[in-house]
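Here is the structure we will look at, set down as structure tokens.
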Amino acid sequence: MIKTNNNISKPGSLSALFGFLLALTVLFPEVGLFSSSDVQPNFFLLATICTLILLNTIRVSKIGSFYFTLCLLCLLLSFIVHQENVTWTYILKYSISLLSFFLCYILCSNGVLLISNKLIIFAIITYTLVALVQFTIPDFLTFLVSRSQTQTTQDLMSSGRGMMSLTGEPSHFGKTITILNLLFVFNTLVSYQKVKNHNLLLFISISLFVLNLSLSQSFYACAFHFVCLIGIFYILNRKLTYLFLVFLVFGLVSVITFLVTVFPDIRITQIANDLISNPEMLLVQGAMVRVMNIPLTFVTLSNFGFWGSGNSSVIFQNQINLGIGILEYTTSSRLYGGFVEYILKMGILSAPLAMAYIYMMATISRLKLVILGSRRAVGIIFSGMLLLLSSQDGSLASPLMIFTIVYIFLKSKVLLKGTIRSNL
């Protein structure tokens, strides 16, 4: 693995400048001028330049370099196995995705790339203000996002969906807010200063969830944010979590009925109503296939076989019994992304990547922090939330998701070694 100093030295002025610019590319991954790409290559390009310039001061262990080389070799072998259908675009896309992970790992380990809570708040405010303006001026700053060329904010509003803000679609905006919420909570809990008011942290998390509901209005994204919110509640106040779940069980139907009555034209309330009154209707919603991304990916893998799908153009018509009805869906060599996309694309050759991912999640799950006077196993909650978010809809090259996993892993590793004492 990459060597990390027990006391990470403060970056110089050049490193600090690169760190700030890199942080912006992480926090706004879909802002850029490259067409036909949700996630822009800004992070990869800047991270490559930064690594080359700071090469003499960056430390990388032999084990880390060897393991990354092994992963890269497996990706190359996958290209060779599927040479009849791979293109240069395909090779470039997955090579950049894997290299972005390693570059982020190097820069975080060496203290070049760090994101403070101030920057997270700045990003949240920026996303929020842009989304609010888009309710009045639908095309506001949409030229900064490539997807906006084919799907305008006005189209989303007319269909009852929410705002895109500085992302390609409402679900991406919602997922971004969720990840920023997770990062903010983790940063606060592992900070050197004591957290005196956990209720404030709960209030901020609830506010971000309400913000997500109001602006993105993506049922898919808000559902995962809601699950993460329960996890955050459980970390900070277990008693309140139990009361909240009891309220959820007995009050959910009333709340959804009220929302449908007050906001009948909003798509998210319509889907929520179907969830309660007519669950089989959810089978025709695109969000259902996204929710089932992980199991459906493995079902699709069984169609392609041992070596994975590569860049195959073959299309399958599949169906699966979910209990509430039969979900019929069309699959090809890619579903909705997430880390499981490596498994679908590379098959057995993805084993080294899967092992590295499992190792990182297992390391995070061991983290324990003292909260309200008791030592709690918060790591298992954070690893669960990361697993949920990183295995669902999203690009493999998304620097925000990559940074979140790498940063929380490295921070957890240092805390587990006892080099930083957290007295909350």
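For the structure tokens, the naming scheme is as follows: chains receive sequential letters (A, B, ...) according to their order of presentation, residues are indexed from 1 within each chain, and ligands are indexed from 1 in presentation order.
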task: Find the residues near Asn110 (chain A): any atom within 7 Å, counting only C-alpha atoms, skip ones fewer than 2 places away on the same chain, and give them as a PyMOL selection string.
output: chain A and resi 4+58-59+106-108+112
task: Please provide as number ranges by chain all residues within 9 Å of Leu183 (chain A), with the sequence filter that same-chain residues fewer than 6 positions apart are discarded (counting only C-alpha atoms).
output: A: 117, 120, 404, 408
Output the selection as a PDB file, in the first residue's frame - N, CA and C atoms for each residue.
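Listing of result28.pdb after writing:
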ATOM      1  N   ASN A 117     -14.147  20.963   5.684  1.00  0.00           N
ATOM      2  CA  ASN A 117     -15.586  21.197   5.784  1.00  0.00           C
ATOM      3  C   ASN A 117     -15.990  22.545   5.181  1.00  0.00           C
ATOM      4  N   ILE A 120     -16.506  21.901   1.610  1.00  0.00           N
ATOM      5  CA  ILE A 120     -17.737  21.125   1.430  1.00  0.00           C
ATOM      6  C   ILE A 120     -18.957  22.046   1.521  1.00  0.00           C
ATOM      7  N   THR A 404     -13.937  10.131  -1.814  1.00  0.00           N
ATOM      8  CA  THR A 404     -14.628   9.799  -0.565  1.00  0.00           C
ATOM      9  C   THR A 404     -14.174   8.447  -0.030  1.00  0.00           C
ATOM     10  N   ILE A 408     -11.644   8.379   3.323  1.00  0.00           N
ATOM     11  CA  ILE A 408     -12.151   7.731   4.539  1.00  0.00           C
ATOM     12  C   ILE A 408     -11.337   6.487   4.862  1.00  0.00           C
TER      13      ILE A 408
END
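Omitting Leu229 (chain A) and its sequence neighbours fewer than 6 positions away, and counting only C-alpha atoms, the residues within 10 Å are Thr178, Asn181, Leu182, Leu202, Ser205, Ile206, Leu208, Phe209, Cys222, Ala223, Ile235, Thr241 and Met385 of chain A.
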Could you dump the residues just selected with N, CA and C atoms as a compact mmCIF listing (two decimals), in the first residue's frame?
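Output below, filename result04.txt:
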# COMPACT_ATOMS: atom_id res chain seq x y z
N THR A 178 -25.76 13.84 -1.22
CA THR A 178 -25.64 12.75 -0.25
C THR A 178 -24.19 12.48 0.11
N ASN A 181 -22.81 15.24 2.25
CA ASN A 181 -23.33 15.08 3.61
C ASN A 181 -22.49 14.05 4.38
N LEU A 182 -22.21 12.93 3.74
CA LEU A 182 -21.42 11.87 4.36
C LEU A 182 -20.01 12.36 4.68
N LEU A 202 -26.79 16.66 13.41
CA LEU A 202 -28.03 16.02 12.99
C LEU A 202 -28.91 17.01 12.21
N SER A 205 -27.58 17.50 8.72
CA SER A 205 -27.86 16.34 7.88
C SER A 205 -29.32 16.31 7.45
N ILE A 206 -30.24 16.61 8.39
CA ILE A 206 -31.66 16.65 8.05
C ILE A 206 -31.94 17.76 7.04
N LEU A 208 -29.90 18.96 4.82
CA LEU A 208 -29.39 18.55 3.51
C LEU A 208 -30.33 17.56 2.84
N PHE A 209 -30.95 16.69 3.64
CA PHE A 209 -31.92 15.74 3.08
C PHE A 209 -33.15 16.47 2.56
N CYS A 222 -32.93 10.38 -3.40
CA CYS A 222 -33.41 10.70 -2.05
C CYS A 222 -33.62 9.44 -1.21
N ALA A 223 -33.98 8.33 -1.85
CA ALA A 223 -34.14 7.07 -1.11
C ALA A 223 -32.81 6.63 -0.51
N ILE A 235 -25.31 6.69 14.26
CA ILE A 235 -23.97 7.01 14.76
C ILE A 235 -24.03 8.05 15.87
N THR A 241 -32.72 7.49 16.88
CA THR A 241 -32.88 6.65 15.69
C THR A 241 -34.04 5.68 15.86
N MET A 385 -22.58 2.64 4.16
CA MET A 385 -23.04 3.76 3.34
C MET A 385 -22.19 3.92 2.08
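If you measure from each of A:Arg238, A:Lys93, A:His225, A:Lys417 to Val378 (chain A) using only C-alpha atoms, the closest one turns out to be A:Arg238.
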query: So which residues touch Leu215 (chain A) within 7 Å, counting only C-alpha atoms, skipping near sequence neighbours fewer than 6 positions away, as a PyMOL selection string?
result: chain A and resi 131+162-163
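Nearest to Ser313 (chain A) of all the residues A:Ile137, A:Leu200, A:Val86, A:Leu296 is A:Val86, based on only C-alpha atoms.
From CA of Ile121 (chain A) back to CA of Ser97 (chain A), the distance works out to 26.7 Å.
Atom to atom, CA of Ala23 (chain A) and CA of Leu113 (chain A) stand 6.7 Å apart.
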task: Could you find all residues in region 187-222 of chain A that DSSP calls alpha helix (DSSP H) from the backbone, and write them as number ranges by chain?
output: A: 187-189, 198-215, 219-222
Next, the residues of the selection above should be written as a JSON list (two decimals), in the first residue's frame with C-alpha atoms.
[["chain", "number", "residue", "atom", "x", "y", "z"],
["A", 187, "ASN", "CA", -14.75, 15.08, 8.67],
["A", 188, "THR", "CA", -16.45, 16.50, 11.75],
["A", 189, "LEU", "CA", -16.24, 13.29, 13.77],
["A", 198, "HIS", "CA", -24.10, 16.45, 17.91],
["A", 199, "ASN", "CA", -27.62, 17.84, 17.55],
["A", 200, "LEU", "CA", -26.24, 20.52, 15.25],
["A", 201, "LEU", "CA", -24.67, 17.82, 13.07],
["A", 202, "LEU", "CA", -28.03, 16.02, 12.99],
["A", 203, "PHE", "CA", -29.79, 19.27, 12.08],
["A", 204, "ILE", "CA", -27.35, 19.89, 9.21],
["A", 205, "SER", "CA", -27.86, 16.34, 7.88],
["A", 206, "ILE", "CA", -31.66, 16.65, 8.05],
["A", 207, "SER", "CA", -31.48, 20.04, 6.32],
["A", 208, "LEU", "CA", -29.39, 18.55, 3.51],
["A", 209, "PHE", "CA", -31.92, 15.74, 3.08],
["A", 210, "VAL", "CA", -34.81, 18.22, 2.90],
["A", 211, "LEU", "CA", -32.73, 20.25, 0.44],
["A", 212, "ASN", "CA", -32.26, 17.11, -1.65],
["A", 213, "LEU", "CA", -35.99, 16.38, -1.62],
["A", 214, "SER", "CA", -36.87, 19.95, -2.57],
["A", 215, "LEU", "CA", -34.31, 20.57, -5.30],
["A", 219, "PHE", "CA", -36.85, 9.48, -5.69],
["A", 220, "TYR", "CA", -33.88, 7.24, -6.43],
["A", 221, "ALA", "CA", -31.27, 9.63, -5.02],
["A", 222, "CYS", "CA", -33.41, 10.70, -2.05]]
- prompt: Which is closer to Thr167 (chain A) than all the others in A:Tyr127, A:Trp88, A:Phe122, A:Phe298, using only C-alpha atoms?
  reply: A:Tyr127
